[in-house]
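Data block below; observations after.
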Amino acid sequence: MRRSRVSPARSFALVACALLAMLFVFQTPLMTAPAASMRGLMAPPEQLATSLWGGLGQGLSVFGDISSLRARNRSLAAQNQALQAQIAGLQAQGAENHNLRSALNFERSFGGAMVAAQVIAESAAGLDSSLTIDRGSSSGVAPGMVVVTGGGLVGIVSAAAVASAQVQTLADPRLRVNAYTATSQLNGTVSGGPGALLMSVIPSPGVVARAGEAVLTSGVGGEFPRGIMVGRVVSFASRPAAILESARLAWANHVTQISVVLVLTSSPGR
Amino acid sequence: MSVLRLFLLFLLVLLQVTLLDRLPLLGVPSAPLLAVVVVWTWTRGPAGGIGAAVGAGLLLDLSSSAPLGVHALALLAAAAVAAAAARHLTPRAPWVALTAAAAAAAYTLSLALSGLLLGWARPLPGLVLGLSLGAAAGAALIAPLALPVLGRMAGSDRLRV
(Lines give C-alpha, C1' and ligand atoms only; values in the text may rest on other atoms or scores of the structure.)
Protein backbone atom coordinates (compact mmCIF):
# COMPACT_ATOMS: atom_id res chain seq x y z
CA MET A 1 0.00 0.00 0.00
CA ARG A 2 1.33 3.42 -0.87
CA ARG A 3 1.97 5.57 2.18
CA SER A 4 0.81 9.13 2.32
CA ARG A 5 3.37 11.70 3.36
CA VAL A 6 0.79 13.67 5.33
CA SER A 7 -0.58 11.97 8.45
CA PRO A 8 -4.34 11.20 8.46
CA ALA A 9 -4.97 13.55 11.38
CA ARG A 10 -3.22 16.35 9.54
CA SER A 11 -5.17 15.61 6.36
CA PHE A 12 -8.48 15.83 8.23
CA ALA A 13 -7.39 19.07 9.91
CA LEU A 14 -6.29 20.63 6.60
CA VAL A 15 -9.53 19.72 4.82
CA ALA A 16 -11.57 20.97 7.80
CA CYS A 17 -9.71 24.30 7.67
CA ALA A 18 -10.38 24.56 3.92
CA LEU A 19 -14.08 23.83 4.46
CA LEU A 20 -14.29 26.36 7.29
CA ALA A 21 -12.71 28.98 5.05
CA MET A 22 -15.21 28.16 2.30
CA LEU A 23 -18.05 28.30 4.83
CA PHE A 24 -17.11 31.79 5.95
CA VAL A 25 -16.57 33.02 2.38
CA PHE A 26 -20.06 31.83 1.42
CA GLN A 27 -21.52 33.61 4.47
CA THR A 28 -20.66 36.99 2.94
CA PRO A 29 -23.48 38.85 1.14
CA LEU A 30 -21.34 38.97 -2.01
CA MET A 31 -21.63 35.18 -2.36
CA THR A 32 -25.43 34.96 -1.90
CA ALA A 33 -26.22 35.03 -5.62
CA PRO A 34 -23.49 32.54 -6.66
CA ALA A 35 -24.59 30.19 -3.85
CA ALA A 36 -28.21 30.35 -5.03
CA SER A 37 -27.08 29.64 -8.62
CA MET A 38 -25.00 26.67 -7.48
CA ARG A 39 -27.97 25.30 -5.57
CA GLY A 40 -30.02 25.66 -8.74
CA LEU A 41 -27.70 23.14 -10.41
CA MET A 42 -29.11 20.40 -8.18
CA ALA A 43 -32.71 21.14 -9.17
CA PRO A 44 -32.83 19.28 -12.54
CA PRO A 45 -31.47 15.97 -11.18
CA GLU A 46 -33.69 16.28 -8.11
CA GLN A 47 -36.69 16.90 -10.36
CA LEU A 48 -35.75 13.90 -12.48
CA ALA A 49 -35.32 11.68 -9.43
CA THR A 50 -38.66 12.81 -7.97
CA SER A 51 -40.41 11.99 -11.28
CA LEU A 52 -38.59 8.66 -11.38
CA TRP A 53 -39.73 7.68 -7.88
CA GLY A 54 -43.25 8.77 -8.81
CA GLY A 55 -43.18 6.62 -11.95
CA LEU A 56 -41.64 3.72 -10.09
CA GLY A 57 -44.34 3.95 -7.43
CA GLN A 58 -47.02 3.85 -10.11
CA GLY A 59 -45.33 0.92 -11.82
CA LEU A 60 -45.26 -1.07 -8.61
CA SER A 61 -48.98 -0.46 -8.14
CA VAL A 62 -49.53 -3.14 -10.83
CA PHE A 63 -48.70 -5.66 -8.12
CA GLY A 64 -51.18 -4.24 -5.70
CA ASP A 65 -53.45 -1.38 -4.93
CA ILE A 66 -51.03 0.26 -2.50
CA SER A 67 -50.32 3.19 -4.76
CA SER A 68 -53.96 3.92 -5.53
CA LEU A 69 -54.93 3.52 -1.90
CA ARG A 70 -52.16 5.88 -0.92
CA ALA A 71 -53.27 8.40 -3.52
CA ARG A 72 -56.87 8.05 -2.33
CA ASN A 73 -55.73 8.50 1.23
CA ARG A 74 -53.74 11.60 0.25
CA SER A 75 -56.74 12.97 -1.64
CA LEU A 76 -59.04 12.39 1.34
CA ALA A 77 -56.49 13.90 3.70
CA ALA A 78 -56.22 16.94 1.43
CA GLN A 79 -60.02 17.23 1.31
CA ASN A 80 -60.16 16.93 5.08
CA GLN A 81 -57.49 19.59 5.47
CA ALA A 82 -59.28 21.87 3.04
CA LEU A 83 -62.60 21.39 4.83
CA GLN A 84 -61.01 22.17 8.17
CA ALA A 85 -59.48 25.28 6.69
CA GLN A 86 -62.91 26.25 5.32
CA ILE A 87 -64.46 25.88 8.77
CA ALA A 88 -61.67 28.06 10.19
CA GLY A 89 -62.44 30.72 7.60
CA LEU A 90 -66.16 30.65 8.44
CA GLN A 91 -65.41 30.95 12.16
CA ALA A 92 -63.27 33.98 11.48
CA GLN A 93 -65.96 35.49 9.24
CA GLY A 94 -68.48 35.27 12.03
CA ALA A 95 -66.11 36.90 14.49
CA GLU A 96 -64.75 39.63 12.27
CA ASN A 97 -67.84 40.25 10.15
CA HIS A 98 -65.91 40.58 6.95
CA ASN A 99 -64.77 38.26 4.24
CA LEU A 100 -61.87 36.20 5.54
CA ARG A 101 -59.88 34.15 3.10
CA SER A 102 -60.65 30.51 3.18
CA ALA A 103 -57.71 28.22 2.56
CA LEU A 104 -59.85 25.97 0.37
CA ASN A 105 -60.80 28.83 -1.93
CA PHE A 106 -57.50 30.50 -1.33
CA GLU A 107 -56.78 31.51 -4.91
CA ARG A 108 -60.20 33.10 -5.40
CA SER A 109 -60.37 35.01 -2.13
CA PHE A 110 -56.68 35.80 -1.96
CA GLY A 111 -56.79 38.00 -5.03
CA GLY A 112 -53.03 37.93 -5.60
CA ALA A 113 -50.86 36.11 -8.11
CA MET A 114 -49.41 32.75 -7.24
CA VAL A 115 -47.25 30.04 -8.74
CA ALA A 116 -47.82 26.33 -8.22
CA ALA A 117 -44.64 24.35 -7.54
CA GLN A 118 -43.69 20.76 -6.88
CA VAL A 119 -41.54 19.77 -3.92
CA ILE A 120 -38.48 18.05 -5.36
CA ALA A 121 -36.29 17.62 -2.28
CA GLU A 122 -36.24 17.92 1.45
CA SER A 123 -33.38 19.04 3.64
CA ALA A 124 -31.44 16.10 5.00
CA ALA A 125 -30.11 17.90 8.08
CA GLY A 126 -33.26 17.53 10.16
CA LEU A 127 -32.36 20.83 11.83
CA ASP A 128 -33.49 23.40 9.29
CA SER A 129 -36.58 21.65 7.84
CA SER A 130 -36.41 23.21 4.40
CA LEU A 131 -37.91 22.11 1.11
CA THR A 132 -36.69 22.56 -2.45
CA ILE A 133 -39.33 23.45 -5.05
CA ASP A 134 -39.11 23.30 -8.84
CA ARG A 135 -39.90 26.98 -9.46
CA GLY A 136 -37.40 29.81 -9.18
CA SER A 137 -36.71 33.36 -10.26
CA SER A 138 -37.66 32.53 -13.87
CA SER A 139 -41.22 31.93 -12.60
CA GLY A 140 -41.23 35.10 -10.49
CA VAL A 141 -40.31 33.39 -7.21
CA ALA A 142 -38.11 35.52 -4.93
CA PRO A 143 -36.84 35.32 -1.34
CA GLY A 144 -39.38 36.41 1.26
CA MET A 145 -42.43 35.19 -0.67
CA VAL A 146 -45.04 33.27 1.29
CA VAL A 147 -45.61 29.58 0.51
CA VAL A 148 -48.92 27.81 1.21
CA THR A 149 -50.89 24.66 0.42
CA GLY A 150 -54.65 24.22 0.23
CA GLY A 151 -54.44 23.31 3.92
CA GLY A 152 -52.59 26.41 5.06
CA LEU A 153 -49.25 28.10 5.60
CA VAL A 154 -46.04 26.24 4.72
CA GLY A 155 -43.36 28.94 5.18
CA ILE A 156 -41.36 31.46 3.18
CA VAL A 157 -38.92 31.33 0.29
CA SER A 158 -35.42 31.66 1.76
CA ALA A 159 -33.39 31.55 -1.48
CA ALA A 160 -34.24 31.42 -5.17
CA ALA A 161 -32.20 30.14 -8.11
CA VAL A 162 -33.35 30.35 -11.74
CA ALA A 163 -35.39 27.13 -11.78
CA SER A 164 -35.64 26.20 -8.11
CA ALA A 165 -36.05 27.74 -4.67
CA GLN A 166 -35.51 26.85 -1.03
CA VAL A 167 -38.48 27.12 1.33
CA GLN A 168 -37.98 27.67 5.06
CA THR A 169 -40.92 25.84 6.59
CA LEU A 170 -42.87 26.39 9.80
CA ALA A 171 -41.13 23.32 11.21
CA ASP A 172 -38.02 25.49 11.45
CA PRO A 173 -37.78 26.97 14.98
CA ARG A 174 -36.30 30.19 13.58
CA LEU A 175 -39.48 31.13 11.71
CA ARG A 176 -41.92 33.45 13.52
CA VAL A 177 -45.47 34.14 12.36
CA ASN A 178 -47.84 36.71 13.86
CA ALA A 179 -51.23 35.05 14.20
CA TYR A 180 -54.59 35.14 15.98
CA THR A 181 -57.13 32.61 17.14
CA ALA A 182 -60.22 32.65 14.92
CA THR A 183 -62.94 32.48 17.60
CA SER A 184 -61.44 33.90 20.78
CA GLN A 185 -59.55 36.60 18.85
CA LEU A 186 -56.35 36.27 20.84
CA ASN A 187 -53.22 37.64 19.18
CA GLY A 188 -49.74 36.25 19.44
CA THR A 189 -46.68 34.88 17.69
CA VAL A 190 -46.30 31.33 16.45
CA SER A 191 -42.82 29.83 16.47
CA GLY A 192 -41.98 26.71 14.56
CA GLY A 193 -40.62 23.44 15.75
CA PRO A 194 -40.19 19.84 14.78
CA GLY A 195 -43.21 18.76 16.82
CA ALA A 196 -46.14 20.96 17.73
CA LEU A 197 -45.97 24.69 17.04
CA LEU A 198 -45.86 27.04 20.00
CA MET A 199 -47.91 30.24 20.13
CA SER A 200 -47.03 33.00 22.59
CA VAL A 201 -50.36 34.68 23.25
CA ILE A 202 -50.98 38.22 24.47
CA PRO A 203 -53.41 37.69 27.39
CA SER A 204 -56.92 39.08 27.27
CA PRO A 205 -58.74 38.96 30.64
CA GLY A 206 -61.24 36.12 30.81
CA VAL A 207 -60.56 34.93 27.27
CA VAL A 208 -59.13 31.50 26.62
CA ALA A 209 -58.49 29.64 23.38
CA ARG A 210 -60.23 26.31 23.07
CA ALA A 211 -58.76 23.09 21.72
CA GLY A 212 -59.53 22.70 18.04
CA GLU A 213 -59.81 26.42 17.46
CA ALA A 214 -58.24 27.60 14.20
CA VAL A 215 -55.22 29.90 14.20
CA LEU A 216 -54.69 32.22 11.25
CA THR A 217 -52.02 34.71 10.22
CA SER A 218 -52.81 38.20 11.53
CA GLY A 219 -50.92 40.18 8.90
CA VAL A 220 -49.11 42.12 11.63
CA GLY A 221 -45.60 42.97 10.45
CA GLY A 222 -46.52 42.59 6.79
CA GLU A 223 -44.49 39.44 6.18
CA PHE A 224 -47.53 37.14 5.90
CA PRO A 225 -50.92 38.22 4.48
CA ARG A 226 -53.81 38.11 6.94
CA GLY A 227 -56.09 35.07 7.08
CA ILE A 228 -53.89 32.13 6.11
CA MET A 229 -54.54 29.01 8.15
CA VAL A 230 -51.57 28.18 10.41
CA GLY A 231 -52.92 25.32 12.52
CA ARG A 232 -55.27 24.38 15.32
CA VAL A 233 -55.02 24.83 19.06
CA VAL A 234 -54.12 21.58 20.83
CA SER A 235 -53.81 22.98 24.34
CA PHE A 236 -53.85 26.39 25.99
CA ALA A 237 -51.97 27.29 29.15
CA SER A 238 -53.43 30.22 31.02
CA ARG A 239 -51.68 31.53 34.13
CA PRO A 240 -52.95 34.40 36.26
CA ALA A 241 -50.92 37.62 35.94
CA ALA A 242 -48.71 36.10 33.23
CA ILE A 243 -47.16 38.49 30.73
CA LEU A 244 -47.65 35.96 27.96
CA GLU A 245 -49.81 32.87 27.77
CA SER A 246 -48.96 29.97 25.53
CA ALA A 247 -50.79 27.57 23.27
CA ARG A 248 -49.58 24.44 21.54
CA LEU A 249 -50.75 24.16 17.95
CA ALA A 250 -51.01 21.34 15.46
CA TRP A 251 -49.61 22.60 12.15
CA ALA A 252 -52.01 22.48 9.20
CA ASN A 253 -49.26 20.81 7.13
CA HIS A 254 -46.46 18.32 7.63
CA VAL A 255 -43.08 18.65 5.93
CA THR A 256 -42.85 15.08 4.69
CA GLN A 257 -46.41 15.09 3.32
CA ILE A 258 -46.20 18.26 1.24
CA SER A 259 -45.85 17.50 -2.46
CA VAL A 260 -47.32 20.58 -4.18
CA VAL A 261 -47.25 24.16 -2.89
CA LEU A 262 -48.40 27.60 -3.97
CA VAL A 263 -45.97 30.53 -3.86
CA LEU A 264 -47.70 33.89 -3.39
CA THR A 265 -45.80 36.02 -5.87
CA SER A 266 -47.91 39.09 -5.12
CA SER A 267 -50.65 39.89 -2.66
CA PRO A 268 -53.38 42.53 -2.70
CA GLY A 269 -52.08 44.06 0.48
CA ARG A 270 -48.54 44.51 -0.78
CA MET B 1 -11.82 9.46 -6.34
CA SER B 2 -12.92 8.04 -9.70
CA VAL B 3 -15.77 9.53 -11.71
CA LEU B 4 -17.81 6.34 -11.22
CA ARG B 5 -17.49 6.50 -7.43
CA LEU B 6 -18.36 10.20 -7.45
CA PHE B 7 -21.41 9.39 -9.57
CA LEU B 8 -22.46 6.66 -7.11
CA LEU B 9 -22.20 9.15 -4.26
CA PHE B 10 -24.22 11.65 -6.26
CA LEU B 11 -26.95 9.01 -6.83
CA LEU B 12 -26.98 8.21 -3.11
CA VAL B 13 -27.37 11.89 -2.19
CA LEU B 14 -30.21 12.20 -4.71
CA LEU B 15 -31.88 9.10 -3.25
CA GLN B 16 -31.47 10.56 0.22
CA VAL B 17 -32.95 14.02 -0.42
CA THR B 18 -35.68 13.05 -2.89
CA LEU B 19 -36.94 9.78 -1.43
CA LEU B 20 -35.49 8.50 1.85
CA ASP B 21 -35.94 11.77 3.77
CA ARG B 22 -39.62 11.75 2.84
CA LEU B 23 -40.32 8.23 4.09
CA PRO B 24 -41.54 8.24 7.71
CA LEU B 25 -39.65 5.10 8.77
CA LEU B 26 -36.44 5.65 6.84
CA GLY B 27 -36.46 9.38 7.33
CA VAL B 28 -33.58 9.41 9.78
CA PRO B 29 -31.58 12.34 8.46
CA SER B 30 -28.67 11.23 6.30
CA ALA B 31 -28.29 7.82 7.99
CA PRO B 32 -27.63 5.90 4.75
CA LEU B 33 -25.07 8.48 3.61
CA LEU B 34 -23.43 8.47 7.03
CA ALA B 35 -23.17 4.70 6.99
CA VAL B 36 -21.63 4.77 3.51
CA VAL B 37 -19.07 7.43 4.50
CA VAL B 38 -18.11 5.42 7.60
CA VAL B 39 -17.70 2.17 5.66
CA TRP B 40 -15.99 3.99 2.79
CA THR B 41 -13.45 5.41 5.25
CA TRP B 42 -12.96 1.97 6.78
CA THR B 43 -12.43 0.20 3.47
CA ARG B 44 -10.48 2.85 1.59
CA GLY B 45 -8.55 4.59 4.34
CA PRO B 46 -8.56 8.21 5.51
CA ALA B 47 -7.95 9.71 2.07
CA GLY B 48 -10.94 7.86 0.59
CA GLY B 49 -13.05 8.84 3.60
CA ILE B 50 -12.16 12.51 3.24
CA GLY B 51 -13.07 12.39 -0.46
CA ALA B 52 -16.41 10.71 0.21
CA ALA B 53 -17.26 13.03 3.12
CA VAL B 54 -16.44 16.23 1.26
CA GLY B 55 -18.09 15.08 -1.99
CA ALA B 56 -21.31 13.85 -0.39
CA GLY B 57 -21.35 16.74 2.09
CA LEU B 58 -21.10 19.42 -0.57
CA LEU B 59 -23.86 17.75 -2.59
CA LEU B 60 -26.04 17.69 0.55
CA ASP B 61 -25.22 21.37 1.12
CA LEU B 62 -26.43 22.20 -2.37
CA SER B 63 -29.71 20.38 -1.67
CA SER B 64 -30.50 22.24 1.54
CA SER B 65 -30.89 25.80 2.71
CA ALA B 66 -27.99 25.44 5.15
CA PRO B 67 -24.76 27.39 4.45
CA LEU B 68 -22.45 25.73 1.92
CA GLY B 69 -19.95 23.58 3.78
CA VAL B 70 -21.79 22.60 6.97
CA HIS B 71 -22.78 19.11 5.82
CA ALA B 72 -19.30 18.55 4.37
CA LEU B 73 -17.75 19.51 7.71
CA ALA B 74 -20.18 17.30 9.62
CA LEU B 75 -19.51 14.29 7.37
CA LEU B 76 -15.78 15.00 7.69
CA ALA B 77 -16.16 14.73 11.48
CA ALA B 78 -17.94 11.39 10.98
CA ALA B 79 -15.15 10.20 8.65
CA ALA B 80 -12.52 11.25 11.23
CA VAL B 81 -14.27 9.11 13.86
CA ALA B 82 -14.34 6.19 11.42
CA ALA B 83 -10.67 6.65 10.48
CA ALA B 84 -9.65 6.67 14.16
CA ALA B 85 -11.72 3.54 14.86
CA ALA B 86 -10.35 1.73 11.79
CA ARG B 87 -6.79 2.17 13.08
CA HIS B 88 -7.52 0.27 16.28
CA LEU B 89 -10.41 -2.10 15.53
CA THR B 90 -10.90 -5.08 13.23
CA PRO B 91 -13.47 -4.58 10.46
CA ARG B 92 -16.19 -6.77 11.91
CA ALA B 93 -19.88 -5.94 11.86
CA PRO B 94 -20.31 -5.07 15.58
CA TRP B 95 -17.36 -2.69 15.57
CA VAL B 96 -18.47 -1.09 12.32
CA ALA B 97 -21.99 -0.64 13.74
CA LEU B 98 -20.62 0.95 16.92
CA THR B 99 -18.33 3.21 14.92
CA ALA B 100 -21.22 4.24 12.66
CA ALA B 101 -23.28 5.15 15.75
CA ALA B 102 -20.41 7.23 17.17
CA ALA B 103 -19.82 8.86 13.78
CA ALA B 104 -23.52 9.68 13.51
CA ALA B 105 -23.40 11.40 16.90
CA ALA B 106 -20.33 13.39 15.77
CA TYR B 107 -22.15 14.32 12.56
CA THR B 108 -25.29 15.55 14.33
CA LEU B 109 -23.35 17.44 16.99
CA SER B 110 -21.21 19.09 14.33
CA LEU B 111 -24.34 20.19 12.45
CA ALA B 112 -25.93 21.46 15.66
CA LEU B 113 -22.79 23.39 16.59
CA SER B 114 -22.58 25.03 13.17
CA GLY B 115 -26.31 25.82 13.36
CA LEU B 116 -25.78 27.47 16.73
CA LEU B 117 -22.67 29.43 15.72
CA LEU B 118 -23.80 30.51 12.27
CA GLY B 119 -27.49 30.88 13.11
CA TRP B 120 -28.81 28.72 10.26
CA ALA B 121 -30.69 26.43 12.69
CA ARG B 122 -31.95 26.50 16.24
CA PRO B 123 -30.64 23.25 17.69
CA LEU B 124 -32.88 22.67 20.69
CA PRO B 125 -31.34 20.06 23.04
CA GLY B 126 -34.29 17.67 22.69
CA LEU B 127 -34.19 17.91 18.91
CA VAL B 128 -30.43 17.32 18.76
CA LEU B 129 -30.70 14.35 21.11
CA GLY B 130 -33.53 12.85 19.06
CA LEU B 131 -31.68 13.37 15.78
CA SER B 132 -28.45 11.95 17.23
CA LEU B 133 -30.16 8.83 18.51
CA GLY B 134 -32.10 8.36 15.28
CA ALA B 135 -29.04 8.86 13.08
CA ALA B 136 -26.92 6.61 15.33
CA ALA B 137 -29.49 3.81 15.24
CA GLY B 138 -30.00 4.17 11.48
CA ALA B 139 -26.28 4.28 10.67
CA ALA B 140 -25.54 1.37 13.04
CA LEU B 141 -28.14 -0.74 11.25
CA ILE B 142 -27.07 0.17 7.72
CA ALA B 143 -23.26 0.21 8.08
CA PRO B 144 -22.79 -3.57 8.64
CA LEU B 145 -24.96 -4.19 5.56
CA ALA B 146 -22.89 -1.79 3.46
CA LEU B 147 -19.60 -3.30 4.66
CA PRO B 148 -19.50 -6.40 2.40
CA VAL B 149 -20.71 -4.42 -0.64
CA LEU B 150 -18.24 -1.56 -0.33
CA GLY B 151 -15.53 -3.96 0.88
CA ARG B 152 -15.92 -5.98 -2.32
CA MET B 153 -15.84 -2.79 -4.37
CA ALA B 154 -12.63 -1.79 -2.61
CA GLY B 155 -11.19 -5.23 -3.27
CA SER B 156 -10.24 -5.57 0.35
CA ASP B 157 -9.78 -9.20 1.35
CA ARG B 158 -9.27 -8.47 5.02
CA LEU B 159 -12.93 -7.54 5.60
CA ARG B 160 -15.12 -10.06 7.36
CA VAL B 161 -18.68 -9.56 8.51
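Residues are named by chain letter and number: chains run A, B, ... in the order of the C-alpha coordinates, numbers start at 1 in each chain, and ligands are numbered from 1 in the order shown.
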Quick one: residues within 8 Å of Ala102 of chain B, only C-alpha atoms counted, chain neighbours fewer than 5 positions away excluded, as a PDB file with N, CA and C atoms, in the first residue's frame?
ATOM      1  N   ALA B  78     -17.551  12.802  10.932  1.00  0.00           N
ATOM      2  CA  ALA B  78     -17.937  11.387  10.979  1.00  0.00           C
ATOM      3  C   ALA B  78     -16.824  10.510  10.393  1.00  0.00           C
ATOM      4  N   VAL B  81     -13.962  10.116  12.830  1.00  0.00           N
ATOM      5  CA  VAL B  81     -14.271   9.110  13.856  1.00  0.00           C
ATOM      6  C   VAL B  81     -14.032   7.703  13.282  1.00  0.00           C
ATOM      7  N   ALA B 136     -27.822   7.665  14.828  1.00  0.00           N
ATOM      8  CA  ALA B 136     -26.922   6.613  15.332  1.00  0.00           C
ATOM      9  C   ALA B 136     -27.536   5.234  15.103  1.00  0.00           C
TER      10      ALA B 136
END
Next on the checklist: Near chain A, meaning an atom within 9 Å, which residues of chain B appear when counting only C-alpha atoms? Write them as a PyMOL selection string.
Outcome noted: chain B and resi 14-19+21-24+27-30+45-47+50+54+59-73+76-77+79-80+83-84+108+111-112+115+118-124+127-128+131
Item to check | Selection near Ala100 of chain B, 8 Å with only C-alpha atoms, sequence-local residues under 5 positions removed, as number ranges by chain | outcome: B: 34-35, 38, 82, 136, 139-140, 143
Checklist entry - Looking only at the backbone, which of the residues in chain B does DSSP tag as helix (DSSP H, G or I), as a ChimeraX atom specification? => result /B:3-18,20-22,31-62,70-88,93-118,125-154
Item to check | Nearest-residue call for Ser191 of chain A, choices A:Val162, A:Ala209, A:Ala237, A:Leu249, using only C-alpha atoms | outcome: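 Answer, going by the shortest atom-to-atom distance: A:Leu249.
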